[in-house]
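The structure appears right after this line, and notes come after that.
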Amino acid sequence: MSEITCFKAYDIRGQLGTQLNEDIAYRIARAFAQWLKPDRIVLGGDVRDTSEALKMALANGLRDEGVNVLDLGLAGTEEVYFATFHLGVEGGIEVTASHNPIDYNGLKLVREGSRPISADTGLVQIRELAEANVYDLVDGRDPTVPDAERGNYERVDTREAYIEHLLGYIEPANFTPLKLLVNAGNGAAGPAIDALEAAFKRLAIPVELIKICHEPDGSFPNGIPNPILTENRGMTRDAVLEHKADMGIAWDGDFDRCFLFDEQGRFIEGYYIVGLLAEAFLQKEPGAKIIHDPRLVWNTVEQVEEGGGVAIQTKAGHAFIKERMRAEDAVYGGEMSAHHYFRDFAYCDSGMIPWLLVAELLCVKGKPMSELVDERIARYPSSGEINLTVSDAPAVLDAIEGRYAPDALDVDHTDGVSICFADWRFNLRASNTEPVIRLNVESRGDQALMERETQKLLDAIKSI
């Protein structure tokens, strides 16, 4: 039995050649089919040069287990989510490494209803089956095996239905003239943006899209699309200013996350976008429940409560957010990491729905993006997430809690440790996948206090 090392807590990712190749993809597909026992599986792939070959290896593995394959072709992760629940099939796989380096690729797996599959809900068993490499059914690599024993392969196109679904989150009549700068990062977002643009024209929605880095290109001539990194934001910022756009939008490679810039070209931290989206939903569905993670909370809770909604905190991470949303029938869930989840999108994350809602909110409120967020940032300034490499994350968390908890108003262990004082609070949590701790600090309207306490925490952590 050979070990397969590309399985992570929530998905499959690995370096090409050593950790992930076509043979491993084939074995994972057969293992997925053995574990799930589906009739039909949707496949999609991002723009990376290796994605098509890996996708076809998956198709062969699934078909050799008697599974019928529906291939979307080039598609973002959320298009696989959509097709899985829209077509009523038993599962889906997206081939993507999202924002990882160019010599990586990976797989995101879902089951019926686009429910996530993580280490706690099946990935471990799928890995064990792939490592065992034992097959009861045909081996399609043998040309003598008749196709009648294999599953069928079919190319399908659900983009029109996907676009129609996206448009269901907005009211075209609410839109006033708007100019948006869109940066697909040469990833998979380009074709979906084009389809939305055509729909805007058909519905006479007065939105002009200025496109940069638009053509899908697996060589990523403008760098791997990962706008959460400060050094990757300059092109979007400069283009917003050059074209005098009302807002800038940039996506990662598989466009399940979007990142927003105001009309001044300023990157808006995901924390404040959660509050804006909560407000947008509560205008449409008063009293709705909103799920948020515990890293930064005060702004979200206040905006939800001011909008007449119910704010519910749960552990960060897509599996936890989606599970809690289902349990609470929450309309929306948001993480400051730019993952946004929607009840009517099978509780999945989308990189297209958020900017559509924010664009509509700009029109409804008649205010520029900067004005909408400046008030919130001033009310609850935050540090943004600070990542620190440590040798013993649990020891650091224990030491910091021991130092700060005695004087705190509240100590919460929903995710790592959140410690709250009258005028400021912080969350410190360990990464699931690397020797890193993540720090977030916020205050009540006092930027200097937030910065002071952040520095004190950093000094304390380094002294441990």
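Here's how to read the names in the structure tokens: chain A, B, ... by the order shown, residue numbers from 1 in each chain, ligand numbers from 1 in the order shown.
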Which residues of range 141-236 of chain A have any atom within 9 Å of an atom in range 363-373 of chain A when counting only C-alpha atoms, and what is the closest pair of atoms for each, with the distance in Å to one decimal? Order the rows by chain and rising number and write it as CSV.
```
residue,atom,partner,partner_atom,distance
A:Asn174,CA,A:Val364,CA,6.2
A:Phe175,CA,A:Cys363,CA,5.5
A:Thr176,CA,A:Cys363,CA,5.6
A:Pro177,CA,A:Cys363,CA,8.1
A:Leu178,CA,A:Cys363,CA,7.9
```
Quiz prompt | Those of range 279-338 of chain A in DSSP helix (DSSP H, G or I), formatted as JSON, numbers by chain | solution = {"A": [279, 280, 281, 282, 283, 284, 298, 299, 300, 301, 302, 303, 304, 305, 306, 318, 319, 320, 321, 322, 323, 324, 325, 326, 327, 328]}
For Asn100 in chain A, list every protein, DNA or RNA residue within 12 Å, evaluated using only C-alpha atoms, and leave out those in the same chain fewer than 5 positions away; present the list as a short mmCIF file (atom, residue, chain, number, x, y, z; two decimals) with C-alpha atoms, in the first residue's frame.
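Written output follows (result-v7.cif):
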```cif
data_model
loop_
_atom_site.label_atom_id
_atom_site.label_comp_id
_atom_site.auth_asym_id
_atom_site.auth_seq_id
_atom_site.Cartn_x
_atom_site.Cartn_y
_atom_site.Cartn_z
CA ILE A 12 -6.91 17.54 -1.71
CA ARG A 13 -3.85 19.59 -2.71
CA GLY A 14 -0.33 18.63 -3.66
CA GLN A 15 2.80 19.31 -5.61
CA LEU A 16 2.58 17.98 -9.13
CA ARG A 48 -4.07 25.38 -14.82
CA ASN A 105 -2.96 21.29 -8.24
CA GLY A 106 -5.77 19.77 -6.24
CA PHE A 220 -0.66 33.06 -15.21
CA GLY A 223 1.13 35.98 -11.39
CA ILE A 224 -0.96 33.47 -9.44
CA PRO A 225 -4.28 35.18 -8.63
CA ASN A 226 -4.30 35.58 -4.85
CA ASP A 252 -8.63 33.89 -6.92
CA GLY A 253 -8.01 31.18 -9.54
CA ASP A 254 -11.20 29.16 -9.07
#
```
Quiz prompt | Backbone DSSP call of strand (DSSP E or B) for range 233-440 of chain A, listed as a VMD selection string | solution = chain A and resid 247 to 251 258 to 261 267 289 to 292 310 to 313 332 to 334 340 to 342 348 to 349 382 386 to 389 410 to 412 417 to 420 424 to 430 436 to 440
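Nearest-residue note for Ala130 in chain A: choosing from A:Asp103, A:Glu171, A:Glu3, A:Asp349, the minimum distance belongs to A:Glu3, counting only C-alpha atoms.
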Quiz item: Using only C-alpha atoms, which residue out of A:Asn222, A:Glu149, A:Val240, A:Ala408 lies closest to Val182 in chain A?
Solution: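 Among the listed residues, the smallest separation from Val182 in chain A belongs to A:Val240.
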Exercise. Give me, please, the distance in Å between CA of Ile249 in chain A and CA of Phe261 in chain A, quoted to one decimal.
Key: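 If I compute the distance from CA of Ile249 in chain A to CA of Phe261 in chain A, I get 6.3 Å.
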Exercise. Write out as number ranges by chain which residues come within 12 Å of Glu112 in chain A when counting only C-alpha atoms, dropping same-chain ones fewer than 6 positions away.
Key: A: 36-42, 80-93, 346
Quiz prompt | Residue neighbourhood range 313-316 of chain A, 7 Å, only C-alpha atoms, exclusion window fewer than 3 positions, as a ChimeraX atom specification | solution = /A:291-294,320-321,414-415
Would you save the residues from that selection as a short mmCIF file (atom, residue, chain, number, x, y, z; two decimals), in the first residue's frame, using C-alpha atoms?
```cif
data_model
loop_
_atom_site.label_atom_id
_atom_site.label_comp_id
_atom_site.auth_asym_id
_atom_site.auth_seq_id
_atom_site.Cartn_x
_atom_site.Cartn_y
_atom_site.Cartn_z
CA ILE A 291 -23.53 33.12 10.73
CA HIS A 292 -20.07 34.58 11.39
CA ASP A 293 -16.72 33.32 12.63
CA PRO A 294 -15.15 34.45 15.95
CA PHE A 320 -18.34 24.36 10.31
CA ILE A 321 -20.02 27.39 8.72
CA THR A 414 -15.39 28.66 20.02
CA ASP A 415 -12.24 28.72 17.88
#
```
Range 92-202 of chain A near range 271-286 of chain A within 12 Å: what's each residue's closest atom pair and its distance in Å to one decimal, counting only C-alpha atoms, ordered by chain then ascending residue number, as CSV?
```
residue,atom,partner,partner_atom,distance
A:Gly168,CA,A:Lys284,CA,11.9
A:Tyr169,CA,A:Phe281,CA,9.2
A:Ile170,CA,A:Lys284,CA,9.6
A:Glu171,CA,A:Lys284,CA,10.2
```
Just to be explicit: take each residue in the selection above, keep C-alpha atoms, and write the result as a PDB file, in the first residue's frame.
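Ended up saving to part.pdb:
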```pdb
ATOM      1  CA  GLY A 168     -31.988  35.928  -8.516  1.00  0.00           C
ATOM      2  CA  TYR A 169     -30.064  37.589  -5.660  1.00  0.00           C
ATOM      3  CA  ILE A 170     -30.501  41.108  -7.063  1.00  0.00           C
ATOM      4  CA  GLU A 171     -33.329  43.318  -8.301  1.00  0.00           C
TER       5      GLU A 171
END
```
Exercise. Pick out the residues sitting within 12 Å of Leu166 in chain A, and hand them over as number ranges by chain; count only C-alpha atoms, and ignore anything fewer than 5 positions along from it in its own chain.
Key: A: 78-79, 82, 159-161, 171-172, 192-193, 195-196, 199-200, 342, 344-345, 350-357
Quiz item: From the list A:Cys258, A:Ala239, A:Ile228, A:Leu180, which residue is nearest Gly384 in chain A when using only C-alpha atoms?
Solution: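 Selected residue with least distance to Gly384 in chain A: A:Ile228.
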